[in-house]
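**Student:** Okay, handing you the structure first.
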Amino acid sequence: MKISNLVLLTSIAAVGFINASAQTPDEIINKWTAAMGGKDKLATIKTIYTEDELSIMNNPAPHKSYLVNGKGFKSETDFNGQLIIDCYTVDSGWSINPFTGMITATNMPASQVKVGQLQLDPAGPLYNYAAKGIKIELLGKENVNEAASYKLKLTTSAGVEINYFIDSVTYYIVKEVTKMNADGHDIEITKLNSDFRKTSDGFVMPFTQELSYPGLALTITCKKVEFNKEIDPGIFEKPKK
């Protein structure tokens with residue numbers, strides 16, 4: 001009887017510990033928000049401008065990006081003297097890529113636009129997610145670079161699915177897996193985030209990102225970032241020629 005009671009008490013204590021240490025998606029997201037600078041701080045972001053160094057298959061390429069909250073996102077990559085542009089607005093997306101024969105601005109497929117439009121939100125989809133019609137599921141934990149990370153499945157109102165892996169110690173997003181359809185094929189885009197730093201403005205962001213697309217891998221190293229600088233929304237307009 002004494003042994004049975006001891007086993008029972010041990011089991012109850014173990015269950016209590018598991019329940020005490022378990023976290024809900026909202027608790028995890030709240031800790032992520034605090035790690036990024038806090039809800040009030042994230043709410044102040046109006047624009048973000050970056051200058052980066054891209055490494056595409058070990059080839060360096062200067063890169064710039066422009067973001068105006070809720071209006072537009074534009075990236076420019078100078079690769080071997082050719083300018084590659086991707087641009088998203090609330091209504092559409094267009095691109096210029098001489099390496100794929102698009103020497104003039106070309107409309108993007110709707111599936112690509114839905115994913116790209118997530119970049120119009122500078123604080124990210126997790127911030128105030130419920131108000132945006134986004135659904136969140138906690139899928140347990142997985143190790144990312146030997147760090148135990150919470151796995152959150154996010155589904156946007158437009159049907160875009162993203163898995164976020166949030167470090168259980170720092171609460172930084174260390175990995176993102178976005179699922180999308182391109183030309184009738186389901187593909188995954190994986191992003192690994194590292195070298196998190198707090199900027200002089202008090203925002204926290206990864207200064208290194210490793211992206212993996214089907215058949216392509218690239219690394220983005222941030223060299224300069226400016227929050228809330230003046231950016232002309234006219235840069236997002238699709239060129240007529």
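Each chain of the structure tokens is named A, B, ... in the order shown, its residues numbered from 1; ligands are numbered from 1 in display order.
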Run DSSP on the backbone of this structure and report the residues of segment 158-224 of chain A it assigns to strand (DSSP E or B), as an MDAnalysis selection string.

**Tutor:** chainID A and resid 161:167 173:182 185:198 204:213 216:224

**Student:** For Thr50 of chain A, please output as a ChimeraX atom specification all residues within 12 Å (counting only C-alpha atoms; exclusion window: fewer than 6 positions along the same chain).

**Tutor:** /A:62-67,73-77,205,207,220-229,231

**Student:** Given the selection you just returned, output its residues as a file containing N, CA and C atoms, formatted as a compact mmCIF listing (two decimals), in the first residue's frame.

**Tutor:**
# COMPACT_ATOMS: atom_id res chain seq x y z
N PRO A 62 24.75 43.23 -53.28
CA PRO A 62 24.18 44.27 -52.43
C PRO A 62 22.65 44.25 -52.52
N HIS A 63 22.00 44.53 -51.41
CA HIS A 63 20.55 44.44 -51.34
C HIS A 63 19.99 45.56 -50.48
N LYS A 64 18.86 46.12 -50.91
CA LYS A 64 18.15 47.14 -50.12
C LYS A 64 16.69 46.75 -50.03
N SER A 65 16.05 47.13 -48.92
CA SER A 65 14.61 46.90 -48.81
C SER A 65 13.94 48.11 -48.18
N TYR A 66 12.71 48.35 -48.62
CA TYR A 66 11.91 49.48 -48.17
C TYR A 66 10.54 48.96 -47.73
N LEU A 67 10.12 49.34 -46.55
CA LEU A 67 8.81 48.91 -46.03
C LEU A 67 8.06 50.10 -45.45
N PHE A 73 6.05 47.01 -49.75
CA PHE A 73 7.37 46.47 -49.46
C PHE A 73 8.10 46.29 -50.78
N LYS A 74 9.36 46.71 -50.82
CA LYS A 74 10.14 46.61 -52.05
C LYS A 74 11.56 46.18 -51.71
N SER A 75 12.06 45.21 -52.47
CA SER A 75 13.46 44.80 -52.31
C SER A 75 14.18 44.95 -53.63
N GLU A 76 15.44 45.38 -53.56
CA GLU A 76 16.27 45.57 -54.74
C GLU A 76 17.59 44.85 -54.53
N THR A 77 17.93 43.96 -55.45
CA THR A 77 19.17 43.20 -55.36
C THR A 77 20.00 43.43 -56.61
N MET A 205 16.08 42.49 -33.71
CA MET A 205 15.91 41.84 -35.01
C MET A 205 17.11 40.94 -35.31
N PHE A 207 20.17 39.82 -37.46
CA PHE A 207 21.04 40.46 -38.45
C PHE A 207 21.57 39.47 -39.48
N ILE A 220 21.36 36.44 -45.98
CA ILE A 220 21.21 37.90 -45.91
C ILE A 220 21.86 38.39 -44.62
N THR A 221 22.82 39.28 -44.75
CA THR A 221 23.48 39.88 -43.59
C THR A 221 23.17 41.36 -43.57
N CYS A 222 22.50 41.81 -42.53
CA CYS A 222 22.11 43.21 -42.43
C CYS A 222 23.32 44.08 -42.08
N LYS A 223 23.54 45.12 -42.87
CA LYS A 223 24.64 46.06 -42.64
C LYS A 223 24.14 47.38 -42.05
N LYS A 224 22.88 47.70 -42.34
CA LYS A 224 22.32 48.97 -41.87
C LYS A 224 20.81 48.84 -41.79
N VAL A 225 20.22 49.36 -40.72
CA VAL A 225 18.77 49.35 -40.60
C VAL A 225 18.32 50.68 -39.98
N GLU A 226 17.26 51.24 -40.53
CA GLU A 226 16.69 52.49 -40.02
C GLU A 226 15.19 52.31 -39.86
N PHE A 227 14.70 52.60 -38.67
CA PHE A 227 13.27 52.55 -38.41
C PHE A 227 12.68 53.95 -38.49
N ASN A 228 11.51 54.01 -39.08
CA ASN A 228 10.70 55.24 -39.12
C ASN A 228 11.39 56.40 -39.85
N LYS A 229 12.23 56.08 -40.82
CA LYS A 229 12.75 57.14 -41.69
C LYS A 229 11.71 57.42 -42.77
N ILE A 231 10.00 57.44 -46.15
CA ILE A 231 10.06 56.66 -47.39
C ILE A 231 8.87 57.07 -48.25

**Student:** As a ChimeraX atom specification, list the residues of segment 19-228 of chain A assigned to helix (DSSP H, G or I) by DSSP on the backbone atoms of this structure.

**Tutor:** /A:19-21,25-35,39-42,98-100,110-120,129-132

**Student:** Hey, can you spit out that residue selection with C-alpha atoms as a tab-separated table (two decimals), in the first residue's frame?

**Tutor:**
chain	number	residue	atom	x	y	z
A	19	ASN	CA	0.89	21.44	-16.30
A	20	ALA	CA	2.85	24.18	-14.56
A	21	SER	CA	5.55	24.23	-17.24
A	25	PRO	CA	0.17	29.88	-27.69
A	26	ASP	CA	-0.81	33.29	-26.27
A	27	GLU	CA	1.69	33.00	-23.42
A	28	ILE	CA	4.45	32.13	-25.89
A	29	ILE	CA	3.49	35.00	-28.21
A	30	ASN	CA	3.38	37.44	-25.28
A	31	LYS	CA	6.93	36.45	-24.35
A	32	TRP	CA	8.02	36.79	-27.98
A	33	THR	CA	6.46	40.28	-28.04
A	34	ALA	CA	8.39	41.27	-24.92
A	35	ALA	CA	11.63	39.87	-26.38
A	39	LYS	CA	3.86	45.65	-27.64
A	40	ASP	CA	3.95	49.45	-27.34
A	41	LYS	CA	7.35	49.59	-29.04
A	42	LEU	CA	6.27	47.38	-31.96
A	98	PRO	CA	16.50	39.91	-66.06
A	99	PHE	CA	17.79	36.43	-65.20
A	100	THR	CA	14.35	34.95	-65.84
A	110	ALA	CA	-1.70	35.52	-56.78
A	111	SER	CA	-0.23	32.76	-54.59
A	112	GLN	CA	3.12	34.56	-54.43
A	113	VAL	CA	1.44	37.89	-53.70
A	114	LYS	CA	-0.43	36.42	-50.71
A	115	VAL	CA	2.85	35.35	-49.13
A	116	GLY	CA	4.69	38.56	-50.01
A	117	GLN	CA	1.96	40.77	-48.57
A	118	LEU	CA	2.80	39.46	-45.10
A	119	GLN	CA	5.84	41.73	-45.29
A	120	LEU	CA	3.58	44.80	-45.27
A	129	TYR	CA	-2.72	38.02	-34.68
A	130	ALA	CA	-6.35	37.50	-33.65
A	131	ALA	CA	-7.37	40.97	-34.88
A	132	LYS	CA	-5.91	40.04	-38.29

**Student:** Would you please work out which residue, of A:Ile173, A:Pro206, A:Asp86, A:Tyr127, is nearest to Thr104 of chain A when using only C-alpha atoms?

**Tutor:**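 Among the listed residues, A:Asp86 lies closest to Thr104 of chain A.
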
**Student:** For segment 163-169 of chain A, please output as a list in words all residues within 9 Å (counting only C-alpha atoms; exclusion window: fewer than 3 positions along the same chain).

**Tutor:**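 Once the nearby chain positions are removed, what remains is Ile28, Ile29, Trp32, Lys141, Glu142, Asn143, Val144, Ala147, Ala148, Ser149, Tyr150, Lys151, Leu152, Lys153, Leu154, Thr155, Tyr172, Ile173, Val174, Lys175, Glu176, Val177, Thr178 and Lys179 of chain A.
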
**Student:** Mind giving me the straight-line distance from atom CA of Gln82 of chain A to atom CA of Asp186 of chain A in Å, one decimal?

**Tutor:**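 Computing it gives 28.9 Å between the two atoms.
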
**Student:** Can you work out which one of A:Thr170, A:Thr89, A:Ser200, A:Thr106 has the shortest atom-to-atom distance to Ile235 of chain A, counting only C-alpha atoms?

**Tutor:**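 Smallest distance to Ile235 of chain A is found for A:Thr89.
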
**Student:** I'd like the contact shell of Pro60 of chain A - 10 Å cut-off, only C-alpha atoms, skipping same-chain residues fewer than 5 positions apart - returned as a PyMOL selection string.

**Tutor:** chain A and resi 53-55+78-80+218-220

**Student:** What is the atom CA of Ile136 of chain A-atom CA of Gly159 of chain A distance in Å, reported with one decimal?

**Tutor:** 12.4 Å

**Student:** Near Asn69 of chain A, counting only C-alpha atoms, which residues have an atom at most 9 Å away, once you skip same-chain residues fewer than 5 positions from it, shown as a ChimeraX atom specification?

**Tutor:** /A:45-48,119-123

**Student:** For the residues in the current selection, export N, CA, C and O atoms as a short mmCIF file (atom, residue, chain, number, x, y, z; two decimals), in the first residue's frame.

**Tutor:**
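The file below, again-v7.cif, is the result:
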data_model
loop_
_atom_site.label_atom_id
_atom_site.label_comp_id
_atom_site.auth_asym_id
_atom_site.auth_seq_id
_atom_site.Cartn_x
_atom_site.Cartn_y
_atom_site.Cartn_z
N ILE A 45 6.24 51.20 -35.13
CA ILE A 45 6.95 51.03 -36.40
C ILE A 45 6.08 51.49 -37.56
O ILE A 45 5.01 50.96 -37.80
N LYS A 46 6.57 52.49 -38.28
CA LYS A 46 5.89 52.99 -39.47
C LYS A 46 6.62 52.59 -40.75
O LYS A 46 5.99 52.26 -41.76
N THR A 47 7.94 52.64 -40.71
CA THR A 47 8.74 52.26 -41.88
C THR A 47 10.00 51.53 -41.42
O THR A 47 10.46 51.71 -40.28
N ILE A 48 10.54 50.71 -42.31
CA ILE A 48 11.84 50.07 -42.08
C ILE A 48 12.63 50.12 -43.39
O ILE A 48 12.13 49.75 -44.45
N GLN A 119 4.75 40.81 -45.62
CA GLN A 119 5.84 41.73 -45.29
C GLN A 119 5.37 43.18 -45.14
O GLN A 119 6.15 44.05 -44.76
N LEU A 120 4.11 43.44 -45.45
CA LEU A 120 3.58 44.80 -45.27
C LEU A 120 3.34 45.11 -43.80
O LEU A 120 3.05 46.25 -43.44
N ASP A 121 3.44 44.11 -42.96
CA ASP A 121 3.23 44.26 -41.52
C ASP A 121 4.59 44.24 -40.83
O ASP A 121 5.18 43.18 -40.64
N PRO A 122 5.14 45.39 -40.44
CA PRO A 122 6.51 45.43 -39.92
C PRO A 122 6.68 44.70 -38.60
O PRO A 122 7.78 44.23 -38.29
N ALA A 123 5.62 44.59 -37.80
CA ALA A 123 5.73 43.89 -36.51
C ALA A 123 5.60 42.38 -36.69
O ALA A 123 5.94 41.62 -35.78
#

**Student:** I want to know what sits within 6 Å of Ile96 of chain A, based on only C-alpha atoms, with residues of the same chain fewer than 2 positions away left out; could you give that as number ranges by chain?

**Tutor:** A: 84-85, 102-105

**Student:** Kindly indicate which residue among A:Gly140, A:Gly70, A:Pro125, A:Pro214 lies nearest to Met180 of chain A, using only C-alpha atoms for the distances.

**Tutor:**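 Under the stated criterion, the closest residue is A:Pro214.
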